[in-house]
$ cat upload.pdb   # PDB, C-alpha atoms
ATOM      1  CA  GLN A   1      11.832   6.281 -10.395
ATOM      2  CA  LEU A   2       8.288   5.820  -9.215
ATOM      3  CA  VAL A   3       6.525   8.957  -8.036
ATOM      4  CA  GLU A   4       3.187   9.075  -6.242
ATOM      5  CA  SER A   5       0.867  12.058  -6.196
ATOM      6  CA  GLY A   6      -2.635  12.991  -5.138
ATOM      7  CA  GLY A   7      -2.456  12.638  -1.383
ATOM      8  CA  GLY A   8      -3.919  15.169   0.996
ATOM      9  CA  LEU A   9      -6.194  15.902   3.935
ATOM     10  CA  VAL A  10      -9.825  14.844   3.493
ATOM     11  CA  GLN A  11     -12.854  14.288   5.684
ATOM     12  CA  PRO A  12     -14.310  10.855   6.430
ATOM     13  CA  GLY A  13     -16.613   9.706   3.660
ATOM     14  CA  SER A  14     -14.683  11.632   1.018
ATOM     15  CA  SER A  15     -12.930  10.339  -2.083
ATOM     16  CA  LEU A  16      -9.367  10.750  -3.277
ATOM     17  CA  LYS A  17      -7.480   9.490  -6.312
ATOM     18  CA  LEU A  18      -3.789   8.701  -6.184
ATOM     19  CA  SER A  19      -1.518   8.459  -9.195
ATOM     20  CA  CYS A  20       1.856   6.832  -9.729
ATOM     21  CA  SER A  21       4.147   7.300 -12.710
ATOM     22  CA  GLY A  22       7.749   6.619 -13.685
ATOM     23  CA  PHE A  23       7.482   2.973 -14.665
ATOM     24  CA  GLY A  24       9.675   3.281 -17.715
ATOM     25  CA  SER A  25       9.442   1.696 -21.140
ATOM     26  CA  ASN A  26       8.381  -1.807 -20.004
ATOM     27  CA  PHE A  27       5.160  -0.597 -18.413
ATOM     28  CA  TYR A  28       3.132  -3.674 -19.376
ATOM     29  CA  ALA A  29       5.813  -6.200 -18.414
ATOM     30  CA  SER A  30       5.212  -6.308 -14.685
ATOM     31  CA  GLY A  31       2.659  -6.232 -11.940
ATOM     32  CA  LYS A  32       2.076  -3.031 -10.009
ATOM     33  CA  GLY A  33       0.614  -2.386  -6.627
ATOM     34  CA  TRP A  34      -0.359  -0.004  -3.873
ATOM     35  CA  PHE A  35       0.621  -0.327  -0.223
ATOM     36  CA  ARG A  36      -0.109   1.773   2.839
ATOM     37  CA  GLN A  37       1.787   2.363   6.060
ATOM     38  CA  ALA A  38      -0.200   3.749   8.948
ATOM     39  CA  PRO A  39       1.558   5.441  11.878
ATOM     40  CA  GLY A  40       3.181   2.823  14.091
ATOM     41  CA  SER A  41       2.270  -0.021  11.743
ATOM     42  CA  GLN A  42       3.951  -2.114   9.105
ATOM     43  CA  ARG A  43       3.378  -1.459   5.464
ATOM     44  CA  GLU A  44       0.290  -3.318   4.258
ATOM     45  CA  PHE A  45      -0.859  -4.448   0.834
ATOM     46  CA  LEU A  46      -3.906  -2.722  -0.631
ATOM     47  CA  ALA A  47      -4.261  -3.641  -4.285
ATOM     48  CA  SER A  48      -2.355  -4.806  -7.326
ATOM     49  CA  ILE A  49      -2.864  -5.010 -11.052
ATOM     50  CA  THR A  50      -1.189  -7.556 -13.297
ATOM     51  CA  SER A  51       0.428  -7.018 -16.650
ATOM     52  CA  GLY A  52      -2.767  -8.425 -18.139
ATOM     53  CA  GLY A  53      -4.994  -6.062 -16.213
ATOM     54  CA  ASN A  54      -6.291  -8.439 -13.550
ATOM     55  CA  THR A  55      -6.734  -6.946 -10.108
ATOM     56  CA  VAL A  56      -6.267  -8.162  -6.543
ATOM     57  CA  TYR A  57      -7.503  -6.378  -3.413
ATOM     58  CA  ALA A  58      -6.969  -6.649   0.295
ATOM     59  CA  ASP A  59     -10.156  -7.430   2.209
ATOM     60  CA  SER A  60      -9.838  -4.142   4.083
ATOM     61  CA  VAL A  61     -10.317  -2.045   0.937
ATOM     62  CA  ARG A  62     -12.263  -4.271  -1.455
ATOM     63  CA  GLY A  63     -15.376  -2.431  -2.606
ATOM     64  CA  ARG A  64     -14.022   0.994  -1.581
ATOM     65  CA  PHE A  65     -10.717   1.224  -3.464
ATOM     66  CA  THR A  66     -10.177   0.652  -7.173
ATOM     67  CA  ILE A  67      -6.829   0.176  -8.870
ATOM     68  CA  SER A  68      -6.557   1.061 -12.541
ATOM     69  CA  ARG A  69      -4.013   2.091 -15.130
ATOM     70  CA  ASP A  70      -3.518   3.841 -18.394
ATOM     71  CA  ASN A  71      -0.496   3.316 -20.661
ATOM     72  CA  ALA A  72       2.010   5.006 -18.359
ATOM     73  CA  ALA A  73       0.600   5.295 -14.845
ATOM     74  CA  ILE A  74      -1.435   3.497 -12.254
ATOM     75  CA  PHE A  75      -4.142   4.953 -10.070
ATOM     76  CA  LEU A  76      -5.894   4.211  -6.811
ATOM     77  CA  GLN A  77      -9.412   5.568  -6.545
ATOM     78  CA  MET A  78     -10.358   5.660  -2.873
ATOM     79  CA  ASP A  79     -14.000   6.167  -1.929
ATOM     80  CA  ASN A  80     -15.778   6.387   1.407
ATOM     81  CA  LEU A  81     -12.507   7.068   3.186
ATOM     82  CA  ARG A  82     -12.258   6.270   6.871
ATOM     83  CA  ARG A  83      -9.963   7.613   9.573
ATOM     84  CA  GLU A  84      -8.151   4.276   9.603
ATOM     85  CA  ASP A  85      -7.185   4.840   5.962
ATOM     86  CA  THR A  86      -4.736   7.491   7.148
ATOM     87  CA  GLY A  87      -1.159   6.717   6.252
ATOM     88  CA  VAL A  88       1.581   7.002   3.677
ATOM     89  CA  TYR A  89       0.617   5.398   0.383
ATOM     90  CA  TYR A  90       3.267   3.776  -1.783
ATOM     91  CA  CYS A  91       3.180   2.438  -5.314
ATOM     92  CA  ALA A  92       5.424  -0.422  -6.343
ATOM     93  CA  MET A  93       6.403  -2.542  -9.317
ATOM     94  CA  GLY A  94       7.152  -6.234  -9.251
ATOM     95  CA  ARG A  95       5.667  -9.606 -10.057
ATOM     96  CA  ASN A  96       2.132 -10.337 -11.158
ATOM     97  CA  TYR A  97      -0.382 -11.198  -8.433
ATOM     98  CA  GLY A  98       1.992  -9.955  -5.772
ATOM     99  CA  SER A  99       0.583  -9.095  -2.365
ATOM    100  CA  LYS A 100       3.670  -8.971  -0.164
ATOM    101  CA  GLU A 101       6.409  -6.379   0.036
ATOM    102  CA  GLY A 102       8.927  -8.956  -1.166
ATOM    103  CA  ASP A 103       6.961  -9.405  -4.394
ATOM    104  CA  PHE A 104       7.855  -5.856  -5.439
ATOM    105  CA  ASP A 105      11.338  -4.517  -6.107
ATOM    106  CA  SER A 106      10.761  -0.881  -7.102
ATOM    107  CA  TRP A 107       9.054   1.593  -4.815
ATOM    108  CA  GLY A 108       8.010   5.194  -4.758
ATOM    109  CA  ARG A 109       8.675   7.491  -1.812
ATOM    110  CA  GLY A 110       5.044   7.693  -0.818
ATOM    111  CA  THR A 111       2.304  10.280  -0.535
ATOM    112  CA  GLN A 112       0.526  11.177   2.697
ATOM    113  CA  VAL A 113      -3.210  10.652   3.032
ATOM    114  CA  THR A 114      -4.893  11.958   6.149
ATOM    115  CA  VAL A 115      -8.563  11.325   6.842
ATOM    116  CA  SER A 116      -9.829  13.579   9.611
ATOM    117  CA  LEU A 117     -12.579  15.997  10.484
TER     118      LEU A 117
END

$ encode --input "upload.pdb" --output "structure tokens"
Amino acid sequence: QLVESGGGLVQPGSSLKLSCSGFGSNFYASGKGWFRQAPGSQREFLASITSGGNTVYADSVRGRFTISRDNAAIFLQMDNLRREDTGVYYCAMGRNYGSKEGDFDSWGRGTQVTVSL
């Protein structure tokens, strides 16, 4: 079971790093990604990392967010956070180079990130 952590309340311009673990023994056999769901909006793709370590970013976060991994977890480093980054952040596991919800078949329950003064 995927489990996210690291969310919280931060001010605009701050940084936050999310973590996701629980991928199991075949950690390097699949792509992994981060999504966000803002209040009243659909879940949107943020970033993904392939089994080979290649990364893909949504235009809205490229240059501010960085996806990475170690041998058991993935991370999302978020810099220069904006109020519109507020939402529930989910990690997921699925196919390489995925960028749609349907590309991922395992999901965490999410962690709340709130960017506010």

$ closest_atom_pairs --input "upload.pdb" --of "stretch 61-113 of chain A" --to "stretch 10-20 of chain A" --cutoff "10 Å" --atoms "all atoms listed in the file" --output "JSON lines"
{"residue": "A:Arg64", "atom": "CA", "partner": "A:Ser15", "partner_atom": "CA", "distance": 9.4}
{"residue": "A:Phe65", "atom": "CA", "partner": "A:Lys17", "partner_atom": "CA", "distance": 9.3}
{"residue": "A:Thr66", "atom": "CA", "partner": "A:Lys17", "partner_atom": "CA", "distance": 9.3}
{"residue": "A:Ile67", "atom": "CA", "partner": "A:Leu18", "partner_atom": "CA", "distance": 9.4}
{"residue": "A:Ser68", "atom": "CA", "partner": "A:Ser19", "partner_atom": "CA", "distance": 9.6}
{"residue": "A:Arg69", "atom": "CA", "partner": "A:Ser19", "partner_atom": "CA", "distance": 9.1}
{"residue": "A:Ala72", "atom": "CA", "partner": "A:Cys20", "partner_atom": "CA", "distance": 8.8}
{"residue": "A:Ala73", "atom": "CA", "partner": "A:Cys20", "partner_atom": "CA", "distance": 5.5}
{"residue": "A:Ile74", "atom": "CA", "partner": "A:Cys20", "partner_atom": "CA", "distance": 5.3}
{"residue": "A:Phe75", "atom": "CA", "partner": "A:Ser19", "partner_atom": "CA", "distance": 4.5}
{"residue": "A:Leu76", "atom": "CA", "partner": "A:Leu18", "partner_atom": "CA", "distance": 5.0}
{"residue": "A:Gln77", "atom": "CA", "partner": "A:Lys17", "partner_atom": "CA", "distance": 4.4}
{"residue": "A:Met78", "atom": "CA", "partner": "A:Leu16", "partner_atom": "CA", "distance": 5.2}
{"residue": "A:Asp79", "atom": "CA", "partner": "A:Ser15", "partner_atom": "CA", "distance": 4.3}
{"residue": "A:Asn80", "atom": "CA", "partner": "A:Gly13", "partner_atom": "CA", "distance": 4.1}
{"residue": "A:Leu81", "atom": "CA", "partner": "A:Gly13", "partner_atom": "CA", "distance": 4.9}
{"residue": "A:Arg82", "atom": "CA", "partner": "A:Pro12", "partner_atom": "CA", "distance": 5.0}
{"residue": "A:Arg83", "atom": "CA", "partner": "A:Pro12", "partner_atom": "CA", "distance": 6.3}
{"residue": "A:Glu84", "atom": "CA", "partner": "A:Pro12", "partner_atom": "CA", "distance": 9.6}
{"residue": "A:Asp85", "atom": "CA", "partner": "A:Pro12", "partner_atom": "CA", "distance": 9.3}
{"residue": "A:Thr86", "atom": "CA", "partner": "A:Val10", "partner_atom": "CA", "distance": 9.7}
{"residue": "A:Tyr89", "atom": "CA", "partner": "A:Leu18", "partner_atom": "CA", "distance": 8.6}
{"residue": "A:Tyr90", "atom": "CA", "partner": "A:Cys20", "partner_atom": "CA", "distance": 8.6}
{"residue": "A:Cys91", "atom": "CA", "partner": "A:Cys20", "partner_atom": "CA", "distance": 6.4}
{"residue": "A:Ala92", "atom": "CA", "partner": "A:Cys20", "partner_atom": "CA", "distance": 8.8}
{"residue": "A:Gly108", "atom": "CA", "partner": "A:Cys20", "partner_atom": "CA", "distance": 8.1}
{"residue": "A:Gly110", "atom": "CA", "partner": "A:Cys20", "partner_atom": "CA", "distance": 9.5}
{"residue": "A:Thr111", "atom": "CA", "partner": "A:Leu18", "partner_atom": "CA", "distance": 8.5}
{"residue": "A:Val113", "atom": "CA", "partner": "A:Val10", "partner_atom": "CA", "distance": 7.8}

$ write_last_selection --input "upload.pdb" --atoms "C-alpha atoms" --output "PDB file, in the coordinates of the input"
ATOM      1  CA  ARG A  64     -14.022   0.994  -1.581  1.00  0.00           C
ATOM      2  CA  PHE A  65     -10.717   1.224  -3.464  1.00  0.00           C
ATOM      3  CA  THR A  66     -10.177   0.652  -7.173  1.00  0.00           C
ATOM      4  CA  ILE A  67      -6.829   0.176  -8.870  1.00  0.00           C
ATOM      5  CA  SER A  68      -6.557   1.061 -12.541  1.00  0.00           C
ATOM      6  CA  ARG A  69      -4.013   2.091 -15.130  1.00  0.00           C
ATOM      7  CA  ALA A  72       2.010   5.006 -18.359  1.00  0.00           C
ATOM      8  CA  ALA A  73       0.600   5.295 -14.845  1.00  0.00           C
ATOM      9  CA  ILE A  74      -1.435   3.497 -12.254  1.00  0.00           C
ATOM     10  CA  PHE A  75      -4.142   4.953 -10.070  1.00  0.00           C
ATOM     11  CA  LEU A  76      -5.894   4.211  -6.811  1.00  0.00           C
ATOM     12  CA  GLN A  77      -9.412   5.568  -6.545  1.00  0.00           C
ATOM     13  CA  MET A  78     -10.358   5.660  -2.873  1.00  0.00           C
ATOM     14  CA  ASP A  79     -14.000   6.167  -1.929  1.00  0.00           C
ATOM     15  CA  ASN A  80     -15.778   6.387   1.407  1.00  0.00           C
ATOM     16  CA  LEU A  81     -12.507   7.068   3.186  1.00  0.00           C
ATOM     17  CA  ARG A  82     -12.258   6.270   6.871  1.00  0.00           C
ATOM     18  CA  ARG A  83      -9.963   7.613   9.573  1.00  0.00           C
ATOM     19  CA  GLU A  84      -8.151   4.276   9.603  1.00  0.00           C
ATOM     20  CA  ASP A  85      -7.185   4.840   5.962  1.00  0.00           C
ATOM     21  CA  THR A  86      -4.736   7.491   7.148  1.00  0.00           C
ATOM     22  CA  TYR A  89       0.617   5.398   0.383  1.00  0.00           C
ATOM     23  CA  TYR A  90       3.267   3.776  -1.783  1.00  0.00           C
ATOM     24  CA  CYS A  91       3.180   2.438  -5.314  1.00  0.00           C
ATOM     25  CA  ALA A  92       5.424  -0.422  -6.343  1.00  0.00           C
ATOM     26  CA  GLY A 108       8.010   5.194  -4.758  1.00  0.00           C
ATOM     27  CA  GLY A 110       5.044   7.693  -0.818  1.00  0.00           C
ATOM     28  CA  THR A 111       2.304  10.280  -0.535  1.00  0.00           C
ATOM     29  CA  VAL A 113      -3.210  10.652   3.032  1.00  0.00           C
TER      30      VAL A 113
END

$ closest_residue --input "upload.pdb" --among "A:Gly94, A:Gly63, A:Gly24, A:Gly87" --to "A:Val115" --atoms "all atoms listed in the file"
A:Gly87

$ closest_residue --input "upload.pdb" --among "A:Phe45, A:Tyr28, A:Tyr57, A:Trp107" --to "A:Met93" --atoms "all atoms listed in the file"
A:Trp107

$ axis_aligned_box --input "upload.pdb" --around "stretch 3-19 of chain A" --padding-each-side "3 Å" --output "JSON"
{"center_x": -5.0, "center_y": 12.2, "center_z": -1.4, "size_x": 29.1, "size_y": 13.4, "size_z": 21.6}

$ atom_distance --input "upload.pdb" --atom1 "atom CA of A:Asp103" --atom2 "atom CA of A:Ser30"
10.9 Å

$ closest_residue --input "upload.pdb" --among "A:Gly33, A:Gly102, A:Gly22, A:Pro39" --to "A:Ala58" --atoms "all atoms listed in the file"
A:Gly33

$ closest_residue --input "upload.pdb" --among "A:Lys100, A:Arg95, A:Arg62, A:Arg109" --to "A:Thr50" --atoms "all atoms listed in the file"
A:Arg95

$ atom_distance --input "upload.pdb" --atom1 "atom CA of A:Ser48" --atom2 "atom CA of A:Phe104"
10.4 Å

$ closest_residue --input "upload.pdb" --among "A:Gln37, A:Ser21, A:Thr55, A:Asn26" --to "A:Tyr97" --atoms "all atoms listed in the file"
A:Thr55

$ atom_distance --input "upload.pdb" --atom1 "atom CA of A:Gln42" --atom2 "atom CA of A:Asp70"
29.1 Å

$ closest_residue --input "upload.pdb" --among "A:Arg36, A:Phe27, A:Gly98, A:Val61" --to "A:Leu2" --atoms "only C-alpha atoms"
A:Phe27

$ decode --input "upload.pdb" --residues "stretch 5-37 of chain A" --atoms "N, CA, C and O atoms" --output "CSV table (one decimal), in the first residue's frame"
chain,number,residue,atom,x,y,z
A,5,SER,N,3.7,11.1,2.7
A,5,SER,CA,3.9,11.9,3.9
A,5,SER,C,4.6,13.1,3.5
A,5,SER,O,5.2,13.3,2.4
A,6,GLY,N,4.7,14.1,4.5
A,6,GLY,CA,5.4,15.3,4.3
A,6,GLY,C,4.5,16.5,4.0
A,6,GLY,O,5.1,17.6,3.9
A,7,GLY,N,3.2,16.4,3.9
A,7,GLY,CA,2.4,17.5,3.6
A,7,GLY,C,2.3,18.4,4.8
A,7,GLY,O,2.8,18.1,5.9
A,8,GLY,N,1.7,19.6,4.6
A,8,GLY,CA,1.6,20.5,5.7
A,8,GLY,C,1.1,21.9,5.3
A,8,GLY,O,0.8,22.1,4.1
A,9,LEU,N,1.2,22.8,6.2
A,9,LEU,CA,0.8,24.2,5.9
A,9,LEU,C,2.1,25.1,5.8
A,9,LEU,O,2.9,25.1,6.7
A,10,VAL,N,2.2,25.7,4.7
A,10,VAL,CA,3.4,26.5,4.4
A,10,VAL,C,3.0,27.9,3.8
A,10,VAL,O,1.9,28.0,3.3
A,11,GLN,N,3.9,28.8,3.9
A,11,GLN,CA,3.7,30.1,3.3
A,11,GLN,C,4.1,30.1,1.8
A,11,GLN,O,5.0,29.4,1.4
A,12,PRO,N,3.5,31.0,1.1
A,12,PRO,CA,4.0,31.2,-0.3
A,12,PRO,C,5.5,31.4,-0.4
A,12,PRO,O,6.0,32.2,0.4
A,13,GLY,N,6.1,30.8,-1.4
A,13,GLY,CA,7.6,31.0,-1.5
A,13,GLY,C,8.4,29.9,-0.8
A,13,GLY,O,9.6,29.8,-1.0
A,14,SER,N,7.7,29.1,0.0
A,14,SER,CA,8.4,28.1,0.8
A,14,SER,C,8.6,26.9,0.0
A,14,SER,O,8.1,26.7,-1.1
A,15,SER,N,9.3,25.9,0.6
A,15,SER,CA,9.6,24.6,0.0
A,15,SER,C,9.0,23.5,0.9
A,15,SER,O,8.9,23.7,2.2
A,16,LEU,N,8.8,22.4,0.3
A,16,LEU,CA,8.2,21.2,1.0
A,16,LEU,C,8.7,20.0,0.2
A,16,LEU,O,8.7,20.0,-1.0
A,17,LYS,N,8.9,18.9,0.9
A,17,LYS,CA,9.3,17.7,0.3
A,17,LYS,C,8.4,16.6,0.7
A,17,LYS,O,8.3,16.3,1.9
A,18,LEU,N,7.7,16.0,-0.3
A,18,LEU,CA,6.8,14.9,0.0
A,18,LEU,C,7.6,13.5,-0.3
A,18,LEU,O,8.5,13.5,-1.1
A,19,SER,N,7.1,12.5,0.5
A,19,SER,CA,7.7,11.2,0.3
A,19,SER,C,6.6,10.2,0.1
A,19,SER,O,5.4,10.4,0.5
A,20,CYS,N,6.9,9.1,-0.6
A,20,CYS,CA,5.9,8.0,-0.8
A,20,CYS,C,6.6,6.7,-0.8
A,20,CYS,O,7.6,6.5,-1.5
A,21,SER,N,6.1,5.8,0.0
A,21,SER,CA,6.7,4.5,0.2
A,21,SER,C,5.7,3.4,0.1
A,21,SER,O,4.5,3.7,0.0
A,22,GLY,N,6.1,2.1,0.1
A,22,GLY,CA,5.2,1.0,0.1
A,22,GLY,C,5.0,0.4,-1.3
A,22,GLY,O,4.0,-0.3,-1.6
A,23,PHE,N,6.1,0.6,-2.1
A,23,PHE,CA,6.0,0.1,-3.5
A,23,PHE,C,6.2,-1.4,-3.6
A,23,PHE,O,6.0,-2.0,-4.6
A,24,GLY,N,6.7,-2.1,-2.6
A,24,GLY,CA,6.9,-3.5,-2.6
A,24,GLY,C,8.3,-3.9,-3.2
A,24,GLY,O,9.1,-3.1,-3.5
A,25,SER,N,8.4,-5.2,-3.5
A,25,SER,CA,9.7,-5.7,-3.9
A,25,SER,C,10.1,-5.4,-5.4
A,25,SER,O,11.2,-5.4,-5.7
A,26,ASN,N,9.1,-5.1,-6.2
A,26,ASN,CA,9.4,-4.8,-7.6
A,26,ASN,C,9.5,-3.3,-7.9
A,26,ASN,O,9.0,-2.7,-8.8
A,27,PHE,N,10.2,-2.6,-7.0
A,27,PHE,CA,10.3,-1.1,-7.0
A,27,PHE,C,10.7,-0.6,-8.3
A,27,PHE,O,10.2,0.4,-8.8
A,28,TYR,N,11.7,-1.2,-9.0
A,28,TYR,CA,12.3,-0.7,-10.2
A,28,TYR,C,11.5,-1.2,-11.5
A,28,TYR,O,12.0,-0.9,-12.6
A,29,ALA,N,10.4,-1.9,-11.3
A,29,ALA,CA,9.8,-2.5,-12.4
A,29,ALA,C,8.6,-1.6,-13.0
A,29,ALA,O,8.0,-2.1,-13.9
A,30,SER,N,8.4,-0.5,-12.5
A,30,SER,CA,7.3,0.3,-12.9
A,30,SER,C,7.6,1.8,-12.9
A,30,SER,O,8.5,2.2,-12.2
A,31,GLY,N,6.8,2.6,-13.6
A,31,GLY,CA,6.8,4.0,-13.4
A,31,GLY,C,6.1,4.5,-12.2
A,31,GLY,O,5.2,3.8,-11.7
A,32,LYS,N,6.4,5.6,-11.7
A,32,LYS,CA,5.8,6.2,-10.5
A,32,LYS,C,5.5,7.7,-10.7
A,32,LYS,O,6.3,8.3,-11.4
A,33,GLY,N,4.5,8.1,-10.1
A,33,GLY,CA,4.1,9.5,-10.4
A,33,GLY,C,3.5,10.2,-9.2
A,33,GLY,O,3.1,9.6,-8.2
A,34,TRP,N,3.4,11.5,-9.3
A,34,TRP,CA,2.7,12.4,-8.4
A,34,TRP,C,1.6,13.1,-9.1
A,34,TRP,O,1.7,13.6,-10.2
A,35,PHE,N,0.4,13.2,-8.4
A,35,PHE,CA,-0.7,13.9,-8.9
A,35,PHE,C,-1.2,14.8,-7.8
A,35,PHE,O,-0.8,14.7,-6.6
A,36,ARG,N,-2.0,15.8,-8.1
A,36,ARG,CA,-2.6,16.7,-7.1
A,36,ARG,C,-4.0,17.0,-7.5
A,36,ARG,O,-4.4,17.1,-8.6
A,37,GLN,N,-4.8,17.1,-6.4
A,37,GLN,CA,-6.2,17.5,-6.6
A,37,GLN,C,-6.5,18.7,-5.7
A,37,GLN,O,-6.5,18.6,-4.5
